Amino acid sequence: MIARKDNPGEHFNSALEAFTSGELETAVACLRVGFFENLYIAARLVGEEAHPQEIWYPGPEARPDAAVEYVERFGFDWKGSNAKMRFLQSVWSDPLVRRELENFISLSRALERAPDERTRNKLLDERLRYTDRGRIDATQAEILCRLRGGDLAGPSQPPVLDSLYLAAADPVESVEFYRKLLNIEPRETSRQARGCAEFELSGFKLVIHGLDQQSEEDPFGLGPRPASLGWGSVLVLGVQKLDGYLEQARHHEIEILDSELETGEAMGLETAGTTRFFVVKDPSGYLIQLEERG
């Protein structure tokens with residue numbers, strides 16, 4: 001069975017977290033359990049009238065007042081995203097979900113009117129089966145199929161920067177510049193396209209290449225080549241122990257174009273915590289700013 005939570009709203013929050021992480025199956029399962037534990041939360045979130053039902057409630061957390069409280073506290077977490085609200089609305093209005101909720105309400109009415117303890121216990125056992133994970137999993141397929149068919153498989157994840165290619169007027173000179181500044185060796189090199197070198201940085205690859213001449217047809221509509229390849233570009237690299245990189249740059253006589261090497265605390269300024277950095281320019285004109293992080 002899906003873990004019983006003290007508050008039905010926790011199922012909705014778990015669904016929200018799972019959906020945001022792209023875990024659609026888990027998100028749907030959590031929502032379906034949440035629907036059973038409080039029949040009014042989803043209705044209030046999607047703007048439907050939620051009339052109190054004359055049914056058996058396991059406690060105050062299942063009643064309409066608890067739904068009002070949840071929406072007041074967490075409603076914006078849902079309503080602040082169109083994708084999340086489309087997902088919630090789609091699951092709430094799914095035909096299979098509607099059928100099982102109607103049956104659940106009928107069962108809860110019968111519980112409220114149970115003539116004796118034996119009948120009530122039997123109905124309570126039946127009620128528990130609605131939140132059984134085996135039952136949920138067995139009936140998920142058609143709901144998920146409809147959701148995915150409606151392009152609701154979850155919010156797309158932000159793209160990840162894999163490689164940054166910098167055209168170099170002189171690839172050999174540029175590669176040497178980055179070797180000295182960053183004190184690392186290129187992971188791969190190639191003589192094609194007038195030379196190409198790949199530096200493995202944290203999270204992405206910096207590739208220096210010599211393909212700085214566009215074709216006569218200009219298929220990508222780039223226009224004429226600028227006098228400086230790096231015009232308008234600033235590559236910001238976060239580093240630890242900035243002083244080591246600064247010493248490296250000075251040792252190799254790399255010109256420091258701009259810098260902030262004192263913190264706000266050291267200068268006694270109100271801007272305590274000012275980021276320390278320095279700026280250099282590579283042989284092709286790209287500005288490189290090294291910032292101290294952590």
# chains A, B, ... in the order shown; residues from 1 in each chain; ligands from 1
$ residues_around --residues "stretch 108-119 of chain A" --least-positions-apart "6" --cutoff "10 Å" --atoms "only C-alpha atoms" --output "VMD selection string"
chain A and resid 53 to 58 102 127
$ atom_distance --atom1 "atom CA of A:Glu292" --atom2 "atom CA of A:Glu200"
18.9 Å
$ closest_residue --among "A:Leu16, A:Glu49, A:Ser93, A:Glu61" --to "A:Phe76" --atoms "only C-alpha atoms"
A:Leu16
$ select_by_dssp --residues "stretch 11-198 of chain A" --states "strand (DSSP E or B)" --output "ChimeraX atom specification"
/A:163-167,188-190,196-198
$ atom_distance --atom1 "atom CA of A:Pro64" --atom2 "atom CA of A:Tyr40"
5.8 Å
$ closest_residue --among "A:Arg293, A:Leu261, A:Arg179, A:His252" --to "A:Val279" --atoms "only C-alpha atoms"
A:Leu261
$ select_by_dssp --residues "stretch 63-132 of chain A" --states "alpha helix (DSSP H)" --output "PDB file with N, CA, C and O atoms, in the first residue's frame"
ATOM      1  N   PRO A  64     -14.227  19.183   4.351  1.00  0.00           N
ATOM      2  CA  PRO A  64     -14.065  20.363   3.487  1.00  0.00           C
ATOM      3  C   PRO A  64     -13.186  21.460   4.083  1.00  0.00           C
ATOM      4  O   PRO A  64     -12.436  22.117   3.356  1.00  0.00           O
ATOM      5  N   ASP A  65     -13.259  21.672   5.401  1.00  0.00           N
ATOM      6  CA  ASP A  65     -12.449  22.728   6.015  1.00  0.00           C
ATOM      7  C   ASP A  65     -10.953  22.479   5.820  1.00  0.00           C
ATOM      8  O   ASP A  65     -10.174  23.420   5.651  1.00  0.00           O
ATOM      9  N   ALA A  66     -10.555  21.215   5.847  1.00  0.00           N
ATOM     10  CA  ALA A  66      -9.144  20.881   5.643  1.00  0.00           C
ATOM     11  C   ALA A  66      -8.713  21.219   4.214  1.00  0.00           C
ATOM     12  O   ALA A  66      -7.570  21.620   3.974  1.00  0.00           O
ATOM     13  N   ALA A  67      -9.641  21.058   3.266  1.00  0.00           N
ATOM     14  CA  ALA A  67      -9.333  21.404   1.872  1.00  0.00           C
ATOM     15  C   ALA A  67      -9.128  22.907   1.724  1.00  0.00           C
ATOM     16  O   ALA A  67      -8.225  23.362   1.013  1.00  0.00           O
ATOM     17  N   VAL A  68      -9.967  23.683   2.403  1.00  0.00           N
ATOM     18  CA  VAL A  68      -9.822  25.145   2.364  1.00  0.00           C
ATOM     19  C   VAL A  68      -8.454  25.545   2.910  1.00  0.00           C
ATOM     20  O   VAL A  68      -7.746  26.376   2.329  1.00  0.00           O
ATOM     21  N   GLU A  69      -8.072  24.932   4.016  1.00  0.00           N
ATOM     22  CA  GLU A  69      -6.778  25.245   4.627  1.00  0.00           C
ATOM     23  C   GLU A  69      -5.623  24.870   3.702  1.00  0.00           C
ATOM     24  O   GLU A  69      -4.654  25.620   3.560  1.00  0.00           O
ATOM     25  N   TYR A  70      -5.724  23.708   3.050  1.00  0.00           N
ATOM     26  CA  TYR A  70      -4.646  23.289   2.145  1.00  0.00           C
ATOM     27  C   TYR A  70      -4.487  24.275   0.993  1.00  0.00           C
ATOM     28  O   TYR A  70      -3.363  24.682   0.657  1.00  0.00           O
ATOM     29  N   VAL A  71      -5.592  24.654   0.377  1.00  0.00           N
ATOM     30  CA  VAL A  71      -5.525  25.554  -0.779  1.00  0.00           C
ATOM     31  C   VAL A  71      -4.971  26.913  -0.368  1.00  0.00           C
ATOM     32  O   VAL A  71      -4.215  27.547  -1.115  1.00  0.00           O
ATOM     33  N   GLU A  72      -5.308  27.368   0.824  1.00  0.00           N
ATOM     34  CA  GLU A  72      -4.764  28.640   1.302  1.00  0.00           C
ATOM     35  C   GLU A  72      -3.253  28.561   1.486  1.00  0.00           C
ATOM     36  O   GLU A  72      -2.535  29.519   1.214  1.00  0.00           O
ATOM     37  N   ARG A  73      -2.764  27.412   1.937  1.00  0.00           N
ATOM     38  CA  ARG A  73      -1.331  27.269   2.208  1.00  0.00           C
ATOM     39  C   ARG A  73      -0.519  26.908   0.969  1.00  0.00           C
ATOM     40  O   ARG A  73       0.588  27.411   0.769  1.00  0.00           O
ATOM     41  N   PHE A  74      -1.066  26.020   0.135  1.00  0.00           N
ATOM     42  CA  PHE A  74      -0.265  25.471  -0.960  1.00  0.00           C
ATOM     43  C   PHE A  74      -0.851  25.721  -2.347  1.00  0.00           C
ATOM     44  O   PHE A  74      -0.283  25.261  -3.340  1.00  0.00           O
ATOM     45  N   GLY A  75      -1.963  26.430  -2.407  1.00  0.00           N
ATOM     46  CA  GLY A  75      -2.609  26.628  -3.700  1.00  0.00           C
ATOM     47  C   GLY A  75      -1.707  27.259  -4.740  1.00  0.00           C
ATOM     48  O   GLY A  75      -1.720  26.870  -5.914  1.00  0.00           O
ATOM     49  N   PHE A  76      -0.879  28.223  -4.329  1.00  0.00           N
ATOM     50  CA  PHE A  76      -0.024  28.904  -5.301  1.00  0.00           C
ATOM     51  C   PHE A  76       1.013  27.962  -5.891  1.00  0.00           C
ATOM     52  O   PHE A  76       1.438  28.136  -7.036  1.00  0.00           O
ATOM     53  N   ASP A  77       1.440  26.958  -5.108  1.00  0.00           N
ATOM     54  CA  ASP A  77       2.416  25.997  -5.634  1.00  0.00           C
ATOM     55  C   ASP A  77       1.865  25.277  -6.859  1.00  0.00           C
ATOM     56  O   ASP A  77       2.623  24.869  -7.747  1.00  0.00           O
ATOM     57  N   TRP A  78       0.549  25.096  -6.897  1.00  0.00           N
ATOM     58  CA  TRP A  78      -0.100  24.495  -8.065  1.00  0.00           C
ATOM     59  C   TRP A  78      -0.449  25.551  -9.110  1.00  0.00           C
ATOM     60  O   TRP A  78      -0.104  25.417 -10.283  1.00  0.00           O
ATOM     61  N   LYS A  79      -1.118  26.600  -8.670  1.00  0.00           N
ATOM     62  CA  LYS A  79      -1.675  27.569  -9.609  1.00  0.00           C
ATOM     63  C   LYS A  79      -0.626  28.461 -10.250  1.00  0.00           C
ATOM     64  O   LYS A  79      -0.901  29.131 -11.247  1.00  0.00           O
ATOM     65  N   ASN A  82       1.063  26.640 -15.214  1.00  0.00           N
ATOM     66  CA  ASN A  82       0.022  26.108 -16.104  1.00  0.00           C
ATOM     67  C   ASN A  82       0.177  24.609 -16.308  1.00  0.00           C
ATOM     68  O   ASN A  82      -0.809  23.871 -16.382  1.00  0.00           O
ATOM     69  N   ALA A  83       1.428  24.148 -16.398  1.00  0.00           N
ATOM     70  CA  ALA A  83       1.670  22.717 -16.623  1.00  0.00           C
ATOM     71  C   ALA A  83       1.157  21.890 -15.448  1.00  0.00           C
ATOM     72  O   ALA A  83       0.541  20.836 -15.633  1.00  0.00           O
ATOM     73  N   LYS A  84       1.395  22.362 -14.232  1.00  0.00           N
ATOM     74  CA  LYS A  84       0.943  21.624 -13.046  1.00  0.00           C
ATOM     75  C   LYS A  84      -0.580  21.593 -12.972  1.00  0.00           C
ATOM     76  O   LYS A  84      -1.174  20.567 -12.625  1.00  0.00           O
ATOM     77  N   MET A  85      -1.208  22.708 -13.302  1.00  0.00           N
ATOM     78  CA  MET A  85      -2.666  22.751 -13.247  1.00  0.00           C
ATOM     79  C   MET A  85      -3.288  21.894 -14.344  1.00  0.00           C
ATOM     80  O   MET A  85      -4.321  21.247 -14.126  1.00  0.00           O
ATOM     81  N   ARG A  86      -2.679  21.864 -15.531  1.00  0.00           N
ATOM     82  CA  ARG A  86      -3.189  20.986 -16.597  1.00  0.00           C
ATOM     83  C   ARG A  86      -3.086  19.530 -16.177  1.00  0.00           C
ATOM     84  O   ARG A  86      -3.986  18.725 -16.435  1.00  0.00           O
ATOM     85  N   PHE A  87      -1.972  19.200 -15.535  1.00  0.00           N
ATOM     86  CA  PHE A  87      -1.779  17.834 -15.049  1.00  0.00           C
ATOM     87  C   PHE A  87      -2.843  17.474 -14.014  1.00  0.00           C
ATOM     88  O   PHE A  87      -3.501  16.430 -14.109  1.00  0.00           O
ATOM     89  N   LEU A  88      -3.033  18.337 -13.023  1.00  0.00           N
ATOM     90  CA  LEU A  88      -4.028  18.077 -11.982  1.00  0.00           C
ATOM     91  C   LEU A  88      -5.424  17.943 -12.582  1.00  0.00           C
ATOM     92  O   LEU A  88      -6.169  17.009 -12.261  1.00  0.00           O
ATOM     93  N   GLN A  89      -5.780  18.866 -13.463  1.00  0.00           N
ATOM     94  CA  GLN A  89      -7.106  18.837 -14.080  1.00  0.00           C
ATOM     95  C   GLN A  89      -7.304  17.567 -14.903  1.00  0.00           C
ATOM     96  O   GLN A  89      -8.387  16.963 -14.888  1.00  0.00           O
ATOM     97  N   SER A  90      -6.254  17.137 -15.594  1.00  0.00           N
ATOM     98  CA  SER A  90      -6.357  15.949 -16.444  1.00  0.00           C
ATOM     99  C   SER A  90      -6.575  14.691 -15.619  1.00  0.00           C
ATOM    100  O   SER A  90      -7.378  13.825 -15.990  1.00  0.00           O
ATOM    101  N   VAL A  91      -5.852  14.567 -14.503  1.00  0.00           N
ATOM    102  CA  VAL A  91      -6.034  13.381 -13.658  1.00  0.00           C
ATOM    103  C   VAL A  91      -7.393  13.437 -12.964  1.00  0.00           C
ATOM    104  O   VAL A  91      -8.118  12.443 -12.897  1.00  0.00           O
ATOM    105  N   TRP A  92      -7.759  14.605 -12.460  1.00  0.00           N
ATOM    106  CA  TRP A  92      -9.031  14.768 -11.743  1.00  0.00           C
ATOM    107  C   TRP A  92     -10.227  14.449 -12.637  1.00  0.00           C
ATOM    108  O   TRP A  92     -11.228  13.893 -12.175  1.00  0.00           O
ATOM    109  N   PRO A  95     -11.697   9.720 -16.961  1.00  0.00           N
ATOM    110  CA  PRO A  95     -12.905   8.894 -16.785  1.00  0.00           C
ATOM    111  C   PRO A  95     -12.743   7.757 -15.787  1.00  0.00           C
ATOM    112  O   PRO A  95     -13.674   7.457 -15.033  1.00  0.00           O
ATOM    113  N   LEU A  96     -11.572   7.121 -15.752  1.00  0.00           N
ATOM    114  CA  LEU A  96     -11.374   6.043 -14.781  1.00  0.00           C
ATOM    115  C   LEU A  96     -11.383   6.601 -13.362  1.00  0.00           C
ATOM    116  O   LEU A  96     -11.980   6.013 -12.450  1.00  0.00           O
ATOM    117  N   VAL A  97     -10.721   7.739 -13.176  1.00  0.00           N
ATOM    118  CA  VAL A  97     -10.684   8.367 -11.853  1.00  0.00           C
ATOM    119  C   VAL A  97     -12.079   8.786 -11.416  1.00  0.00           C
ATOM    120  O   VAL A  97     -12.469   8.602 -10.257  1.00  0.00           O
ATOM    121  N   ARG A  98     -12.861   9.331 -12.353  1.00  0.00           N
ATOM    122  CA  ARG A  98     -14.224   9.745 -11.998  1.00  0.00           C
ATOM    123  C   ARG A  98     -15.062   8.547 -11.552  1.00  0.00           C
ATOM    124  O   ARG A  98     -15.825   8.632 -10.581  1.00  0.00           O
ATOM    125  N   ARG A  99     -14.913   7.418 -12.253  1.00  0.00           N
ATOM    126  CA  ARG A  99     -15.689   6.225 -11.892  1.00  0.00           C
ATOM    127  C   ARG A  99     -15.309   5.720 -10.508  1.00  0.00           C
ATOM    128  O   ARG A  99     -16.178   5.388  -9.691  1.00  0.00           O
ATOM    129  N   GLU A 100     -14.006   5.651 -10.236  1.00  0.00           N
ATOM    130  CA  GLU A 100     -13.606   5.112  -8.943  1.00  0.00           C
ATOM    131  C   GLU A 100     -13.962   6.069  -7.809  1.00  0.00           C
ATOM    132  O   GLU A 100     -14.270   5.632  -6.695  1.00  0.00           O
ATOM    133  N   LEU A 101     -13.977   7.370  -8.067  1.00  0.00           N
ATOM    134  CA  LEU A 101     -14.394   8.314  -7.034  1.00  0.00           C
ATOM    135  C   LEU A 101     -15.888   8.203  -6.749  1.00  0.00           C
ATOM    136  O   LEU A 101     -16.323   8.292  -5.593  1.00  0.00           O
ATOM    137  N   GLU A 102     -16.680   8.016  -7.795  1.00  0.00           N
ATOM    138  CA  GLU A 102     -18.122   7.824  -7.586  1.00  0.00           C
ATOM    139  C   GLU A 102     -18.384   6.579  -6.742  1.00  0.00           C
ATOM    140  O   GLU A 102     -19.218   6.593  -5.822  1.00  0.00           O
ATOM    141  N   ASN A 103     -17.670   5.499  -7.047  1.00  0.00           N
ATOM    142  CA  ASN A 103     -17.832   4.269  -6.264  1.00  0.00           C
ATOM    143  C   ASN A 103     -17.361   4.467  -4.824  1.00  0.00           C
ATOM    144  O   ASN A 103     -17.966   3.950  -3.874  1.00  0.00           O
ATOM    145  N   PHE A 104     -16.278   5.226  -4.669  1.00  0.00           N
ATOM    146  CA  PHE A 104     -15.739   5.487  -3.336  1.00  0.00           C
ATOM    147  C   PHE A 104     -16.727   6.306  -2.503  1.00  0.00           C
ATOM    148  O   PHE A 104     -16.916   6.043  -1.305  1.00  0.00           O
ATOM    149  N   ILE A 105     -17.363   7.285  -3.123  1.00  0.00           N
ATOM    150  CA  ILE A 105     -18.348   8.108  -2.408  1.00  0.00           C
ATOM    151  C   ILE A 105     -19.548   7.261  -1.998  1.00  0.00           C
ATOM    152  O   ILE A 105     -20.065   7.381  -0.875  1.00  0.00           O
ATOM    153  N   SER A 106     -19.986   6.384  -2.886  1.00  0.00           N
ATOM    154  CA  SER A 106     -21.104   5.489  -2.542  1.00  0.00           C
ATOM    155  C   SER A 106     -20.733   4.597  -1.363  1.00  0.00           C
ATOM    156  O   SER A 106     -21.548   4.373  -0.446  1.00  0.00           O
ATOM    157  N   LEU A 107     -19.510   4.095  -1.372  1.00  0.00           N
ATOM    158  CA  LEU A 107     -19.039   3.261  -0.268  1.00  0.00           C
ATOM    159  C   LEU A 107     -18.995   4.065   1.035  1.00  0.00           C
ATOM    160  O   LEU A 107     -19.393   3.576   2.103  1.00  0.00           O
ATOM    161  N   SER A 108     -18.528   5.317   0.947  1.00  0.00           N
ATOM    162  CA  SER A 108     -18.437   6.158   2.145  1.00  0.00           C
ATOM    163  C   SER A 108     -19.815   6.510   2.689  1.00  0.00           C
ATOM    164  O   SER A 108     -19.990   6.666   3.904  1.00  0.00           O
ATOM    165  N   ARG A 109     -20.797   6.630   1.805  1.00  0.00           N
ATOM    166  CA  ARG A 109     -22.173   6.851   2.265  1.00  0.00           C
ATOM    167  C   ARG A 109     -22.684   5.618   3.024  1.00  0.00           C
ATOM    168  O   ARG A 109     -23.333   5.728   4.067  1.00  0.00           O
ATOM    169  N   ALA A 110     -22.371   4.462   2.457  1.00  0.00           N
ATOM    170  CA  ALA A 110     -22.795   3.223   3.110  1.00  0.00           C
ATOM    171  C   ALA A 110     -22.132   3.077   4.481  1.00  0.00           C
ATOM    172  O   ALA A 110     -22.754   2.591   5.440  1.00  0.00           O
ATOM    173  N   LEU A 111     -20.886   3.514   4.577  1.00  0.00           N
ATOM    174  CA  LEU A 111     -20.178   3.464   5.860  1.00  0.00           C
ATOM    175  C   LEU A 111     -20.872   4.339   6.899  1.00  0.00           C
ATOM    176  O   LEU A 111     -21.015   3.959   8.066  1.00  0.00           O
ATOM    177  N   GLU A 112     -21.283   5.523   6.469  1.00  0.00           N
ATOM    178  CA  GLU A 112     -21.952   6.451   7.382  1.00  0.00           C
ATOM    179  C   GLU A 112     -23.257   5.855   7.908  1.00  0.00           C
ATOM    180  O   GLU A 112     -23.657   6.127   9.049  1.00  0.00           O
ATOM    181  N   GLU A 117     -21.395  -2.828  13.733  1.00  0.00           N
ATOM    182  CA  GLU A 117     -19.932  -2.795  13.667  1.00  0.00           C
ATOM    183  C   GLU A 117     -19.388  -3.777  12.642  1.00  0.00           C
ATOM    184  O   GLU A 117     -18.413  -3.490  11.949  1.00  0.00           O
ATOM    185  N   ARG A 118     -20.011  -4.933  12.530  1.00  0.00           N
ATOM    186  CA  ARG A 118     -19.534  -5.924  11.571  1.00  0.00           C
ATOM    187  C   ARG A 118     -19.623  -5.389  10.146  1.00  0.00           C
ATOM    188  O   ARG A 118     -18.683  -5.525   9.350  1.00  0.00           O
ATOM    189  N   THR A 119     -20.739  -4.777   9.820  1.00  0.00           N
ATOM    190  CA  THR A 119     -20.909  -4.202   8.477  1.00  0.00           C
ATOM    191  C   THR A 119     -19.905  -3.083   8.243  1.00  0.00           C
ATOM    192  O   THR A 119     -19.301  -2.977   7.173  1.00  0.00           O
ATOM    193  N   ARG A 120     -19.724  -2.263   9.278  1.00  0.00           N
ATOM    194  CA  ARG A 120     -18.785  -1.148   9.139  1.00  0.00           C
ATOM    195  C   ARG A 120     -17.362  -1.653   8.914  1.00  0.00           C
ATOM    196  O   ARG A 120     -16.638  -1.125   8.061  1.00  0.00           O
ATOM    197  N   ASN A 121     -16.944  -2.661   9.656  1.00  0.00           N
ATOM    198  CA  ASN A 121     -15.585  -3.193   9.490  1.00  0.00           C
ATOM    199  C   ASN A 121     -15.378  -3.765   8.086  1.00  0.00           C
ATOM    200  O   ASN A 121     -14.307  -3.620   7.491  1.00  0.00           O
ATOM    201  N   LYS A 122     -16.408  -4.415   7.578  1.00  0.00           N
ATOM    202  CA  LYS A 122     -16.318  -4.966   6.227  1.00  0.00           C
ATOM    203  C   LYS A 122     -16.165  -3.843   5.202  1.00  0.00           C
ATOM    204  O   LYS A 122     -15.357  -3.932   4.265  1.00  0.00           O
ATOM    205  N   LEU A 123     -16.937  -2.774   5.396  1.00  0.00           N
ATOM    206  CA  LEU A 123     -16.847  -1.635   4.477  1.00  0.00           C
ATOM    207  C   LEU A 123     -15.514  -0.901   4.621  1.00  0.00           C
ATOM    208  O   LEU A 123     -14.957  -0.398   3.639  1.00  0.00           O
ATOM    209  N   LEU A 124     -14.985  -0.844   5.833  1.00  0.00           N
ATOM    210  CA  LEU A 124     -13.679  -0.205   6.044  1.00  0.00           C
ATOM    211  C   LEU A 124     -12.574  -0.972   5.319  1.00  0.00           C
ATOM    212  O   LEU A 124     -11.662  -0.372   4.736  1.00  0.00           O
ATOM    213  N   ASP A 125     -12.643  -2.295   5.356  1.00  0.00           N
ATOM    214  CA  ASP A 125     -11.663  -3.102   4.627  1.00  0.00           C
ATOM    215  C   ASP A 125     -11.750  -2.826   3.129  1.00  0.00           C
ATOM    216  O   ASP A 125     -10.732  -2.728   2.434  1.00  0.00           O
ATOM    217  N   GLU A 126     -12.973  -2.707   2.645  1.00  0.00           N
ATOM    218  CA  GLU A 126     -13.159  -2.414   1.222  1.00  0.00           C
ATOM    219  C   GLU A 126     -12.633  -1.020   0.885  1.00  0.00           C
ATOM    220  O   GLU A 126     -12.044  -0.801  -0.177  1.00  0.00           O
ATOM    221  N   ARG A 127     -12.833  -0.090   1.808  1.00  0.00           N
ATOM    222  CA  ARG A 127     -12.352   1.280   1.597  1.00  0.00           C
ATOM    223  C   ARG A 127     -10.829   1.311   1.483  1.00  0.00           C
ATOM    224  O   ARG A 127     -10.264   2.049   0.666  1.00  0.00           O
ATOM    225  N   LEU A 128     -10.144   0.513   2.296  1.00  0.00           N
ATOM    226  CA  LEU A 128      -8.685   0.480   2.270  1.00  0.00           C
ATOM    227  C   LEU A 128      -8.143   0.000   0.928  1.00  0.00           C
ATOM    228  O   LEU A 128      -7.047   0.382   0.519  1.00  0.00           O
ATOM    229  N   ARG A 129      -8.905  -0.841   0.248  1.00  0.00           N
ATOM    230  CA  ARG A 129      -8.433  -1.372  -1.030  1.00  0.00           C
ATOM    231  C   ARG A 129      -8.311  -0.284  -2.095  1.00  0.00           C
ATOM    232  O   ARG A 129      -7.572  -0.442  -3.065  1.00  0.00           O
TER     233      ARG A 129
END
$ atom_distance --atom1 "atom CA of A:Pro159" --atom2 "atom CA of A:Ala141"
28.8 Å
$ closest_residue --among "A:Asp282, A:Asp243, A:Glu48, A:Glu10" --to "A:Leu257" --atoms "only C-alpha atoms"
A:Asp282
